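S.K.: Below you'll find the structure I mean.
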Amino acid sequence: MLSNVELKTTDPKHPFGKLTPRMQHYRDKILDAKPYVDAQRAILTTQAYQAHQQEQVDLLRAHVLAHILENMTIYIEPETLLAGNQAQSNRWAPIFPEYSMNWVIDELDQFEKRPGDVFYITEATKTQLREIAPFWKNNTLEDRGYAAFPKASRLFYDLGIIGAAGNITSGDGHIAVDYNNIITKGLKWYETRVLAEKAKLALTDINDQKKLYFYEASLVVIKAVRDFAKRYAQLAETQAKTCSDPAEKQNLLTMAEILHKVPYEPATTFREAVQAVWLTHLILQIESNGHSVSYGRVDQYLNPFYERDLAAGILTADQATELLTNLCLKTLTINKVRSWGHTQFSAGSPLYQNITIGGQTVTGEDAVNPLSYLILNAIAQAHLPQPNLTVRYHKGLSDDFMQACVAVIKEGLGMPAFNNDEIIIPSFMARGVKKADAYNYSAIGCVETAVPGKWGYRCTGMSFINFPRTLLIVMNGGVDPESGEKLLPDYGHFTDMTSYSQLATAWDKSLREMTRQSVIIENSCDLALEQNYPDILCSTLTEDCIGRGKTIKEGGAIYDFISGLQVGIANLADSLAAIKRFVFDEKQLSTTDLWTALQNDFAGPEGETVRQLLLTAPKYGNDDDFVDQLIVDAYAPYIDEIAKYKNTRYGRGPIGGLRYAGTSSISANVGQGHSTLATPDGRHARTPLAEGCSPEHAMDVDGPTAVFKSVSKLNTKEITGGVLLNQKMSPQVLRTPENCEKLIQLIRTFFNALHGYHVQYNIVSKATLLEAQAQPEKHRDLIVRVAGYSAFFVGLSKETQDDIIARTEQAL
Amino acid sequence: MTSQTATKGLIFNIQKFSLNDGPGIRTVVFFKGCPLRCQWCANPESQSGRPELMTAAAGTKKITVGTYQTVPEVLTEILKDKAFYDQSGGGVTFSGGEVLAQADFAIALAQAVKGQGIHLACETTGHAPFDVFKAFMPYFDLMYFDCKHWNPQVHLQGTGVTNDLILKNLRQALAANVPLKIRIPIIPDFNYSLDDAKHFGELFQELGVSEVELLPFHQFGLNKYQQLDRPYRLKDTPQLHGEDLLAFQATLAQYQVTAKINSW
Ligand code: SF4
């Protein structure tokens with residue numbers, strides 16, 4: 001591969017090349033920036049709502065965005081080659097009062113005192129927010145969502161058994177628009193289409209009249225975006241006037257020229273294309289605060305620009321990489337403040353802005369191109385938690401590219417993650433996605449997948465169901481042991497059960513009821529969002545909203561499948577295994593003794609004895625059919641039940657309009673674990689649940705192949721919303737190129753033969769190894785590999801561990 | 001040995017995703033029981049030919065090391081990772097302990113593994129009667145053959161046996177063209193001197209061996225001695241790293257022996 005030869009540097013310390021001094025400086029500044037709560041967007045939004053409250057909702061929302069873009073503070077930092085900022089300063093988090101405002105006011109004095117994800121706030125900001133708060137009383141998405149909840153369902157939400165805080169306090173997000181179309185045709189192409197469709201309307205028909213509002217709203221936002229770009233162009237010109245450095249002056253003038261053109265006109269050069277993408281991506285996150293707004297297949301749509309500029313001699317690989325690192329840095333400047341309740345579900349305030357590379361072309365060829373390599377380098381150079389990088393894996397992905405990916409994985413960023421074409425494409429096509437579209441999917445957020453520009457919001461990211469807590473409710477005869485509330489029908493208390501099948505039947509029926517409740521909660525949120533919070537720009541850029549004259553929420557997208565998240569898969573598996581083995585099969589433990597131990601959180605010597613026994617049960621993640629089959633069976637009622645319930649767009653245009661399962665629990669496992677009492681897998685009360693479909697922490701003691709085998713037994717074909725698997729790898733294991741090659745073969749087997757959906761590698765950090773020395777029982781799964789030797793890291797002597805840790809540092 | 005060892009083997013671990021015991025991704029079957037007593041042994045729990053108690057690595061619980069397993073039982077475990085062997089060009093490696101100490105079972109298991117078309121390797125000291133070794137060696141696609149010392153007396157001091165049988169079997173294996181990789185565990189104060197390297201060089205030249213692997217001494221087994229409540233003579237000996245073996249490697253090169261350092 002030509003690009004690879006070109007890019008391999010001789011400096012072993014920087015195999016990916018280094019950030020340019022300009023970008024290094026920019027990175028330092030951004031990472032040093034303190035995150036503040038920013039009231040400006042909230043104030044502008046309030047003004048616009050007050051001025052336009054009589055308008056039809058599409059127009060109201062369009063004017064809100066236009067008013068913000070016209071009046072918000074803009075700036076161009078001296079280091080950047082790309083213009084566009086979300087708030088008054090980098091990493092400041094704007095407030096989106098239309099979605100939820102109560103918690104903002106309630107937490108004004110708490111932002112700086114949080115145990116994590118701290119935000120700073122000035123007294124002036126507090127005053128400004130307090131001033132606008134009355135306007136938003138009973139006037140937000142949250143208020144409307146609550147009002148729409150049927151009473152019985154609200155209880156599930158309030159108790160946190162079904163989580164939907166993100167759906168009811170934020171915009172939707174979880175979407176990628178069609179950047180290929182935007183940069184090759186420009187927003188003016190969309191404008192032309194809108195005008196043509198508008199001209200066809202027969203306004204005597206009320207349906208056409210409704211479309212008119214959407215079209216007029218579209219025209220408002222397209223103009224607003226164009227004017228916003230022009231504001232930056234003018235600012236660049238102004239700054240150029242006072243700039244004494246000729247090179248910098250030229251940079252500003254070039255920037256101005258570009259911003260007079262894109263994203264309204266098609267881009268001609270690579271830099272124009274990157275600028276158009278960034279500005280659009282940014283505005284989508286000014287329009288709405290939904291997270292997981294993703295870039296789609298960046299290598300595919302940018303590479304033609306890159307190769308053309310390279311051939312024309314107006315761009316070098318290094319310059320392109322610098323622009324890509326600039327894009328990464330800009331991406332990190334976007335920030336979001338969530339309520340503390342919700343923050344626990346999304347630790348580290350990630351926005352999951354995904355970049356997807358690799359995969360296949362529509363004709364099934366390997367789609368990796370020179371820009372795919374450049375993006376890998378840029379991600380490694382920038383070394384940031386955002387954007388998220390996903391590589392679309394397929395059988396024909398070259399070893400050369402896989403090696404480049406593993407080299408980035410070794411950097412320890414947990415990136416790139418892999419999604420598997422070999423399962424995702426067929427499963428999309430089976431659901432009615434056209435071949436050309438299925439081959440063009442991209443990752444959205446972290447694990448989930450959709451077709452950019454053609455798919456509605458939230459291919460995943462609907463509600464969260466806490467599986468282990470549901471089990472406790474079932475065992476307790478339908479009463480939540482945490483709150484004492486009766487939530488589900490009574491199928492008998494666990495202490496009265498005499499067989500595992502009794503429990504299994506009770507679980508099946510109860511989970512179906514829980515699933516129905518989640519649907520009702522989701523629909524309530526969707527209803528409020530559709531009626532009051534259409535995203536006009538996002539809809540305009542999503543096919544076939546213009547053709548249908550509808551927003552995405554009204555059924556404008558070509559495809560509209562959604563999924564929620566089922567949390568605590570491994571805990572449920574391990575709990576069922578322990579119950580079946582020790583209580584019913586071997587009768588080592590009575591139902592009463594187990595139930596008592598759970599209620600007491602394993603307190604006292606008796607409790608601890610019970611816990612130790614539970615810990616010896618077969619654990620999910622070790623390729624043990626006994627436990628793996630139990631979770632497959634326990635998950636089945638959900639998969640079956642959720643497929644029955646259409647989403648609010650069914651029959652209104654999109655292909656789909658349906659739901660499916662998904663497990664990308666992100667960090668919800670922590671928050672939901674907090675409200676879950678002790679579970680029969682031996683887990684203590686309020687400790688985190690297992691993440692996604694990964695095994696429970698430190699329970700996978702048979703190595704990564706066994707984990708893959710267990711995960712692959714799940715009904716992945718039906719869990720189209722994503723099967724999240726995080727694996728950790730000790731650096732000691734990857735110390736030689738031969739072993740890195742074996743990691744590649746490990747991944748290939750999981751995807752080619754076992755049809756896995758996703759895997760992401762976290763390289764075990766020095767800190768974790770040090771912790772494993774101190775708390776070996778928590779890290780008994782850390783493997784080391786030496787010829788002819790059998791043991792785990794925690795079995796090594798302190799000196800040997802120290803030696804490994806010291807050498808780990810060198811290797812990374 | 002009792003007659004039951006033909007149908008059951010004493011196994012102390014079946015370790016998946018092993019990366020340094022042959023090509024590709026492998027499952028290593030660790031046989032328990034060894035006729036040697038190497039002072040540096042990193043798997044001391046493998047030496048005794050009987051199940052034994054050992055304190056768990058983390059905690060104070062006693063665990064039993066070694067279970068008698070049938071060929072189908074071990075094979076079932078091995079087959080679980082077949083997809084990984086197929087994709088990676090990997091397979092199964094028998095290790096120990098000393099596989100040859102349970103030769104009948106090892107051959108029965110080897111036949112079963114080969115019957116599944118799986119690549120099979122073993123790690124052996126080669127210390128077994130000539131005929132036992134002869135019957136054993138044809139089943140392996142690759143054999144890692146430990147050559148711990150060139151001198152019979154020093155070999156005896158370090159491992160409890162001389163290298164007579166070992167060298168005999170090594171010659172036998174070479175003559176039969178068994179795909180071999182000779183490994184030397186490099187142990188300070190045992191075989192680490194450049195004089196040792198010289199003698200190894202001469203030996204390999206005479207045997208017609210041009211490639212060997214060097215395994216630098218490590219202390220990965222240290223804790224296991226405590227867990228077994230057994231003395232460990234090398235407990236204060238510092239570990240060797242790849243770079244410590246460069247001179248040794250260079251000396252071997254003088255004898256046209258290419259030595260690959262397989263560092264931990
Ligand atoms: S031959 Fe191997 S298993 Fe046997 S004592 Fe020596 S090092 Fe240990």
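Chain labels follow the order of the structure tokens: the first chain is A, the next B, and so on; residue numbering restarts at 1 in every chain, and ligands are counted from 1 in their shown order.
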Once you count only C-alpha atoms and all ligand atoms, which residues end up within 9 Å of ligand 1, and could you hand them over as a VMD selection string?
M.R.: (chain A and resid 788) or (chain B and resid 32 to 47 95 to 98 123 to 125 127 146 148 159 to 160 185)
S.K.: Return as a list in words the residues belonging to chain B that are within 7 Å of chain A, counting only C-alpha atoms.
M.R.: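 Close enough to count are Lys16, Phe17, Ser18, Leu19, Asn20, Asp21, Gly24, Ile25, Ala42, Asn43, Ala57, Ala58, Asp81, Ala83, Phe84, Gln87, Ser88, Ser95, Gln219, Phe220, Gly221, Leu222, Asn223 and Trp264 of chain B.
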S.K.: Let me make sure I understand: among B:Ser193, B:Gln249, B:Gln69, B:Gln116, which one has the smallest atom-to-atom distance to Glu213 in chain B if we use only C-alpha atoms?
M.R.: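 Checking each of B:Ser193, B:Gln249, B:Gln69, B:Gln116 against Glu213 in chain B, counting only C-alpha atoms, the winner is B:Gln249.
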S.K.: Can you tell me, as a PyMOL selection string, what residues are no more than 7 Å from Trp150 in chain B when counting only C-alpha atoms, ignoring any on the same chain fewer than 2 positions away?
M.R.: chain B and resi 152+199-200
S.K.: Could you save those same residues with C-alpha atoms as a PDB file, in the first residue's frame?
M.R.:
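Wrote selection28.pdb, looks like this:
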ATOM      1  CA  PRO B 152      26.150 -34.610  31.525  1.00  0.00           C
ATOM      2  CA  HIS B 199      30.313 -25.816  24.090  1.00  0.00           C
ATOM      3  CA  PHE B 200      26.678 -25.566  23.015  1.00  0.00           C
TER       4      PHE B 200
END
S.K.: Taking a cut-off of 12 Å and counting only C-alpha atoms, can you build a table that, for each residue of range 330-436 of chain A near range 274-280 of chain A, reports the nearest atom pair and how far apart they are in Å (one decimal), sorted by chain then residue number, as JSON lines?
M.R.:
{"residue": "A:Lys330", "atom": "CA", "partner": "A:Trp278", "partner_atom": "CA", "distance": 8.0}
{"residue": "A:Thr331", "atom": "CA", "partner": "A:Trp278", "partner_atom": "CA", "distance": 8.1}
{"residue": "A:Leu332", "atom": "CA", "partner": "A:Trp278", "partner_atom": "CA", "distance": 11.7}
{"residue": "A:Thr333", "atom": "CA", "partner": "A:Trp278", "partner_atom": "CA", "distance": 11.7}
{"residue": "A:Ile334", "atom": "CA", "partner": "A:Trp278", "partner_atom": "CA", "distance": 11.2}
{"residue": "A:Gln353", "atom": "CA", "partner": "A:Trp278", "partner_atom": "CA", "distance": 11.6}
{"residue": "A:Ile355", "atom": "CA", "partner": "A:Val277", "partner_atom": "CA", "distance": 11.8}
S.K.: Just how far from CA of Leu31 in chain A is CA of Asn669 in chain A, in Å to one decimal?
M.R.: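 Computed distance, CA of Asn669 in chain A to CA of Leu31 in chain A, equals 27.5 Å.
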S.K.: Find the residues near range 710-721 of chain A: any atom within 9 Å, counting only C-alpha atoms, skip ones fewer than 4 places away on the same chain, and give them as a count of residues only.
M.R.: 46
S.K.: So that I can check the secondary structure, give me every residue of range 114-236 of chain B assigned alpha helix (DSSP H) by backbone DSSP, as an mmCIF file with N, CA, C and O atoms, in the first residue's frame.
M.R.:
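New file out13.cif:
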data_model
loop_
_atom_site.group_PDB
_atom_site.id
_atom_site.type_symbol
_atom_site.label_atom_id
_atom_site.label_comp_id
_atom_site.auth_asym_id
_atom_site.auth_seq_id
_atom_site.Cartn_x
_atom_site.Cartn_y
_atom_site.Cartn_z
ATOM 1 N N LYS B 114 -4.876 -35.297 16.163
ATOM 2 C CA LYS B 114 -4.534 -35.368 14.735
ATOM 3 C C LYS B 114 -5.740 -35.815 13.911
ATOM 4 O O LYS B 114 -5.914 -35.399 12.780
ATOM 5 N N GLY B 115 -6.566 -36.655 14.538
ATOM 6 C CA GLY B 115 -7.776 -37.106 13.858
ATOM 7 C C GLY B 115 -8.720 -35.957 13.517
ATOM 8 O O GLY B 115 -9.549 -36.054 12.612
ATOM 9 N N PHE B 130 14.493 -44.874 24.927
ATOM 10 C CA PHE B 130 14.612 -44.718 23.481
ATOM 11 C C PHE B 130 13.345 -45.170 22.736
ATOM 12 O O PHE B 130 12.818 -44.463 21.887
ATOM 13 N N ASP B 131 12.831 -46.326 23.106
ATOM 14 C CA ASP B 131 11.670 -46.872 22.392
ATOM 15 C C ASP B 131 10.390 -46.091 22.662
ATOM 16 O O ASP B 131 9.545 -45.937 21.781
ATOM 17 N N VAL B 132 10.270 -45.612 23.892
ATOM 18 C CA VAL B 132 9.105 -44.779 24.226
ATOM 19 C C VAL B 132 9.125 -43.532 23.351
ATOM 20 O O VAL B 132 8.123 -43.151 22.734
ATOM 21 N N PHE B 133 10.282 -42.918 23.273
ATOM 22 C CA PHE B 133 10.395 -41.698 22.480
ATOM 23 C C PHE B 133 10.127 -41.989 21.002
ATOM 24 O O PHE B 133 9.485 -41.216 20.300
ATOM 25 N N LYS B 134 10.599 -43.125 20.575
ATOM 26 C CA LYS B 134 10.437 -43.514 19.172
ATOM 27 C C LYS B 134 8.949 -43.632 18.801
ATOM 28 O O LYS B 134 8.517 -43.183 17.742
ATOM 29 N N ALA B 135 8.184 -44.230 19.716
ATOM 30 C CA ALA B 135 6.757 -44.400 19.454
ATOM 31 C C ALA B 135 6.023 -43.051 19.525
ATOM 32 O O ALA B 135 5.009 -42.830 18.866
ATOM 33 N N PHE B 136 6.569 -42.163 20.299
ATOM 34 C CA PHE B 136 5.917 -40.888 20.610
ATOM 35 C C PHE B 136 6.097 -39.850 19.497
ATOM 36 O O PHE B 136 5.166 -39.148 19.095
ATOM 37 N N PRO B 152 27.012 -33.673 30.799
ATOM 38 C CA PRO B 152 26.150 -34.610 31.525
ATOM 39 C C PRO B 152 26.171 -34.382 33.036
ATOM 40 O O PRO B 152 25.124 -34.451 33.677
ATOM 41 N N GLN B 153 27.331 -34.059 33.576
ATOM 42 C CA GLN B 153 27.430 -33.932 35.036
ATOM 43 C C GLN B 153 26.714 -32.666 35.525
ATOM 44 O O GLN B 153 25.991 -32.689 36.515
ATOM 45 N N VAL B 154 26.960 -31.588 34.826
ATOM 46 C CA VAL B 154 26.288 -30.344 35.217
ATOM 47 C C VAL B 154 24.778 -30.500 35.010
ATOM 48 O O VAL B 154 23.969 -30.033 35.815
ATOM 49 N N HIS B 155 24.418 -31.168 33.964
ATOM 50 C CA HIS B 155 22.998 -31.440 33.710
ATOM 51 C C HIS B 155 22.389 -32.175 34.899
ATOM 52 O O HIS B 155 21.304 -31.823 35.382
ATOM 53 N N LEU B 156 23.128 -33.153 35.380
ATOM 54 C CA LEU B 156 22.676 -33.929 36.534
ATOM 55 C C LEU B 156 22.493 -33.028 37.760
ATOM 56 O O LEU B 156 21.488 -33.096 38.462
ATOM 57 N N GLN B 157 23.484 -32.148 37.970
ATOM 58 C CA GLN B 157 23.397 -31.260 39.129
ATOM 59 C C GLN B 157 22.185 -30.325 39.051
ATOM 60 O O GLN B 157 21.511 -30.080 40.050
ATOM 61 N N GLY B 158 21.938 -29.828 37.854
ATOM 62 C CA GLY B 158 20.879 -28.821 37.712
ATOM 63 C C GLY B 158 19.479 -29.413 37.615
ATOM 64 O O GLY B 158 18.501 -28.771 37.984
ATOM 65 N N THR B 159 19.373 -30.648 37.097
ATOM 66 C CA THR B 159 18.032 -31.164 36.778
ATOM 67 C C THR B 159 17.735 -32.502 37.447
ATOM 68 O O THR B 159 16.616 -32.995 37.361
ATOM 69 N N ASP B 164 22.127 -37.968 29.023
ATOM 70 C CA ASP B 164 22.385 -39.102 28.124
ATOM 71 C C ASP B 164 21.167 -39.471 27.277
ATOM 72 O O ASP B 164 21.218 -39.474 26.049
ATOM 73 N N LEU B 165 20.052 -39.767 27.976
ATOM 74 C CA LEU B 165 18.831 -40.144 27.240
ATOM 75 C C LEU B 165 18.390 -38.997 26.328
ATOM 76 O O LEU B 165 17.931 -39.215 25.206
ATOM 77 N N ILE B 166 18.541 -37.817 26.865
ATOM 78 C CA ILE B 166 18.074 -36.638 26.133
ATOM 79 C C ILE B 166 18.811 -36.486 24.806
ATOM 80 O O ILE B 166 18.194 -36.318 23.747
ATOM 81 N N LEU B 167 20.125 -36.591 24.873
ATOM 82 C CA LEU B 167 20.893 -36.426 23.635
ATOM 83 C C LEU B 167 20.650 -37.592 22.675
ATOM 84 O O LEU B 167 20.588 -37.407 21.463
ATOM 85 N N LYS B 168 20.478 -38.762 23.242
ATOM 86 C CA LYS B 168 20.180 -39.929 22.402
ATOM 87 C C LYS B 168 18.879 -39.693 21.620
ATOM 88 O O LYS B 168 18.795 -39.932 20.417
ATOM 89 N N ASN B 169 17.884 -39.223 22.353
ATOM 90 C CA ASN B 169 16.589 -38.987 21.710
ATOM 91 C C ASN B 169 16.639 -37.795 20.759
ATOM 92 O O ASN B 169 15.938 -37.778 19.742
ATOM 93 N N LEU B 170 17.483 -36.842 21.104
ATOM 94 C CA LEU B 170 17.632 -35.698 20.199
ATOM 95 C C LEU B 170 18.216 -36.180 18.866
ATOM 96 O O LEU B 170 17.732 -35.817 17.786
ATOM 97 N N ARG B 171 19.247 -37.023 18.941
ATOM 98 C CA ARG B 171 19.835 -37.573 17.711
ATOM 99 C C ARG B 171 18.799 -38.383 16.943
ATOM 100 O O ARG B 171 18.697 -38.286 15.719
ATOM 101 N N GLN B 172 18.020 -39.145 17.706
ATOM 102 C CA GLN B 172 16.980 -39.969 17.075
ATOM 103 C C GLN B 172 15.970 -39.090 16.326
ATOM 104 O O GLN B 172 15.599 -39.372 15.190
ATOM 105 N N ALA B 173 15.543 -38.026 17.009
ATOM 106 C CA ALA B 173 14.557 -37.132 16.399
ATOM 107 C C ALA B 173 15.133 -36.452 15.159
ATOM 108 O O ALA B 173 14.461 -36.327 14.133
ATOM 109 N N LEU B 174 16.396 -36.039 15.247
ATOM 110 C CA LEU B 174 17.031 -35.382 14.099
ATOM 111 C C LEU B 174 17.133 -36.359 12.929
ATOM 112 O O LEU B 174 16.836 -36.005 11.780
ATOM 113 N N ALA B 175 17.501 -37.601 13.243
ATOM 114 C CA ALA B 175 17.658 -38.598 12.189
ATOM 115 C C ALA B 175 16.323 -38.887 11.526
ATOM 116 O O ALA B 175 16.249 -39.129 10.321
ATOM 117 N N LEU B 194 29.837 -17.699 28.630
ATOM 118 C CA LEU B 194 30.191 -17.755 27.217
ATOM 119 C C LEU B 194 30.926 -19.053 26.910
ATOM 120 O O LEU B 194 30.899 -19.532 25.765
ATOM 121 N N ASP B 195 31.558 -19.616 27.951
ATOM 122 C CA ASP B 195 32.177 -20.924 27.763
ATOM 123 C C ASP B 195 31.091 -21.964 27.462
ATOM 124 O O ASP B 195 31.241 -22.813 26.587
ATOM 125 N N ASP B 196 29.968 -21.841 28.191
ATOM 126 C CA ASP B 196 28.834 -22.727 27.907
ATOM 127 C C ASP B 196 28.363 -22.524 26.469
ATOM 128 O O ASP B 196 28.094 -23.488 25.753
ATOM 129 N N ALA B 197 28.275 -21.264 26.089
ATOM 130 C CA ALA B 197 27.810 -20.967 24.724
ATOM 131 C C ALA B 197 28.708 -21.656 23.708
ATOM 132 O O ALA B 197 28.236 -22.228 22.713
ATOM 133 N N LYS B 198 30.026 -21.612 23.979
ATOM 134 C CA LYS B 198 30.992 -22.248 23.079
ATOM 135 C C LYS B 198 30.712 -23.746 22.952
ATOM 136 O O LYS B 198 30.644 -24.308 21.857
ATOM 137 N N HIS B 199 30.548 -24.369 24.109
ATOM 138 C CA HIS B 199 30.313 -25.816 24.090
ATOM 139 C C HIS B 199 28.985 -26.169 23.436
ATOM 140 O O HIS B 199 28.888 -27.162 22.710
ATOM 141 N N PHE B 200 27.961 -25.346 23.714
ATOM 142 C CA PHE B 200 26.678 -25.566 23.015
ATOM 143 C C PHE B 200 26.904 -25.460 21.517
ATOM 144 O O PHE B 200 26.402 -26.273 20.734
ATOM 145 N N GLY B 201 27.669 -24.448 21.116
ATOM 146 C CA GLY B 201 27.950 -24.240 19.695
ATOM 147 C C GLY B 201 28.584 -25.477 19.083
ATOM 148 O O GLY B 201 28.187 -25.942 18.005
ATOM 149 N N GLU B 202 29.566 -26.021 19.802
ATOM 150 C CA GLU B 202 30.251 -27.220 19.284
ATOM 151 C C GLU B 202 29.276 -28.385 19.172
ATOM 152 O O GLU B 202 29.259 -29.098 18.171
ATOM 153 N N LEU B 203 28.471 -28.538 20.224
ATOM 154 C CA LEU B 203 27.502 -29.645 20.227
ATOM 155 C C LEU B 203 26.548 -29.539 19.039
ATOM 156 O O LEU B 203 26.321 -30.505 18.312
ATOM 157 N N PHE B 204 26.017 -28.323 18.825
ATOM 158 C CA PHE B 204 25.036 -28.162 17.743
ATOM 159 C C PHE B 204 25.697 -28.351 16.382
ATOM 160 O O PHE B 204 25.087 -28.905 15.464
ATOM 161 N N GLN B 205 26.942 -27.903 16.286
ATOM 162 C CA GLN B 205 27.657 -28.094 15.031
ATOM 163 C C GLN B 205 27.776 -29.583 14.722
ATOM 164 O O GLN B 205 27.492 -30.037 13.618
ATOM 165 N N GLU B 206 28.117 -30.298 15.774
ATOM 166 C CA GLU B 206 28.290 -31.742 15.606
ATOM 167 C C GLU B 206 26.948 -32.401 15.242
ATOM 168 O O GLU B 206 26.889 -33.307 14.413
ATOM 169 N N LEU B 207 25.864 -31.916 15.850
ATOM 170 C CA LEU B 207 24.538 -32.492 15.583
ATOM 171 C C LEU B 207 23.962 -32.012 14.252
ATOM 172 O O LEU B 207 22.961 -32.535 13.773
ATOM 173 N N LEU B 222 8.143 -18.141 40.885
ATOM 174 C CA LEU B 222 8.596 -17.938 42.271
ATOM 175 C C LEU B 222 7.504 -18.165 43.321
ATOM 176 O O LEU B 222 7.672 -18.939 44.255
ATOM 177 N N ASN B 223 6.366 -17.498 43.115
ATOM 178 C CA ASN B 223 5.300 -17.615 44.119
ATOM 179 C C ASN B 223 4.772 -19.033 44.270
ATOM 180 O O ASN B 223 4.281 -19.412 45.326
ATOM 181 N N LYS B 224 4.854 -19.775 43.163
ATOM 182 C CA LYS B 224 4.276 -21.118 43.213
ATOM 183 C C LYS B 224 4.981 -21.988 44.262
ATOM 184 O O LYS B 224 4.361 -22.868 44.854
ATOM 185 N N TYR B 225 6.282 -21.750 44.475
ATOM 186 C CA TYR B 225 6.994 -22.546 45.479
ATOM 187 C C TYR B 225 6.420 -22.307 46.863
ATOM 188 O O TYR B 225 6.212 -23.244 47.638
ATOM 189 N N GLN B 226 6.131 -21.023 47.161
ATOM 190 C CA GLN B 226 5.498 -20.721 48.443
ATOM 191 C C GLN B 226 4.119 -21.368 48.525
ATOM 192 O O GLN B 226 3.740 -21.932 49.544
ATOM 193 N N GLN B 227 3.395 -21.260 47.396
ATOM 194 C CA GLN B 227 2.038 -21.809 47.397
ATOM 195 C C GLN B 227 2.066 -23.329 47.630
ATOM 196 O O GLN B 227 1.120 -23.906 48.125
ATOM 197 N N LEU B 228 3.174 -23.956 47.211
ATOM 198 C CA LEU B 228 3.314 -25.399 47.393
ATOM 199 C C LEU B 228 4.050 -25.726 48.675
ATOM 200 O O LEU B 228 4.221 -26.893 49.017
#
S.K.: Do a neighbour search on Tyr68 in chain B at 7 Å with only C-alpha atoms, toss out local chain neighbours closer than 2 positions, and write the hits as a list in words.
M.R.: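 Once the adjacent positions are removed, what remains is Lys8, Gly9, Leu10, Ile11, Gly66 and Thr70 of chain B.
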S.K.: Write out as a list of chain:residue names all residues of range 4-42 of chain B that DSSP puts in strand (DSSP E or B) for this structure's backbone.
M.R.: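 The residues of range 4-42 of chain B classed as strand (DSSP E or B) are B:Lys8, B:Gly9, B:Leu10, B:Ile11, B:Phe12, B:Asn13, B:Ile14, B:Gln15, B:Lys16, B:Phe17, B:Ser18, B:Arg26, B:Thr27, B:Val28, B:Val29, B:Phe30, B:Phe31.
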S.K.: Between B:Val209, B:Leu234, B:Ala128, B:Val92, which residue has the minimum interatomic distance to Val28 in chain B, considering only C-alpha atoms?
M.R.: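 Smallest distance to Val28 in chain B is found for B:Val92.
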S.K.: Excluding range 201-212 of chain A and residues on its chain fewer than 4 positions from it, collect all residues at most 10 Å away from it, counting only C-alpha atoms, and give them as a ChimeraX atom specification.
M.R.: /A:56,58-59,194,196-197,216-218,545-551
S.K.: So which residues touch Ile184 in chain B within 9 Å, counting only C-alpha atoms, skipping near sequence neighbours fewer than 6 positions away, as JSON, numbers by chain?
M.R.: {"B": [145, 146, 147, 148, 149, 191, 212, 213, 214, 215, 216]}
S.K.: For the selection you just gave me, I'd like the residues written to a file as a compact mmCIF listing (two decimals), in the first residue's frame, keeping N, CA, C and O atoms.
M.R.:
# COMPACT_ATOMS: atom_id res chain seq x y z
N PHE B 145 12.24 -29.02 21.80
CA PHE B 145 13.07 -29.98 22.51
C PHE B 145 14.04 -29.21 23.39
O PHE B 145 14.87 -28.45 22.89
N ASP B 146 13.90 -29.35 24.69
CA ASP B 146 14.76 -28.61 25.60
C ASP B 146 16.14 -29.24 25.68
O ASP B 146 16.28 -30.44 25.91
N CYS B 147 17.17 -28.42 25.51
CA CYS B 147 18.53 -28.88 25.66
C CYS B 147 19.14 -27.99 26.74
O CYS B 147 19.51 -26.85 26.50
N LYS B 148 19.15 -28.50 27.97
CA LYS B 148 19.41 -27.60 29.09
C LYS B 148 20.90 -27.44 29.37
O LYS B 148 21.34 -26.40 29.87
N HIS B 149 21.65 -28.51 29.10
CA HIS B 149 23.09 -28.38 29.28
C HIS B 149 23.82 -29.33 28.34
O HIS B 149 23.31 -30.37 27.97
N ASN B 191 24.16 -22.35 32.91
CA ASN B 191 24.59 -22.52 31.51
C ASN B 191 24.73 -21.17 30.80
O ASN B 191 24.62 -21.09 29.60
N VAL B 212 18.51 -22.37 17.02
CA VAL B 212 17.99 -22.69 18.36
C VAL B 212 17.25 -21.48 18.91
O VAL B 212 17.33 -20.38 18.36
N GLU B 213 16.51 -21.73 19.98
CA GLU B 213 15.82 -20.63 20.67
C GLU B 213 16.38 -20.50 22.07
O GLU B 213 16.60 -21.51 22.73
N LEU B 214 16.59 -19.28 22.51
CA LEU B 214 17.07 -19.06 23.87
C LEU B 214 15.93 -18.47 24.71
O LEU B 214 15.27 -17.52 24.28
N LEU B 215 15.71 -19.06 25.87
CA LEU B 215 14.66 -18.56 26.76
C LEU B 215 15.33 -17.97 28.00
O LEU B 215 15.84 -18.72 28.84
N PRO B 216 15.35 -16.66 28.12
CA PRO B 216 16.02 -16.06 29.28
C PRO B 216 15.33 -16.45 30.59
O PRO B 216 14.09 -16.50 30.65
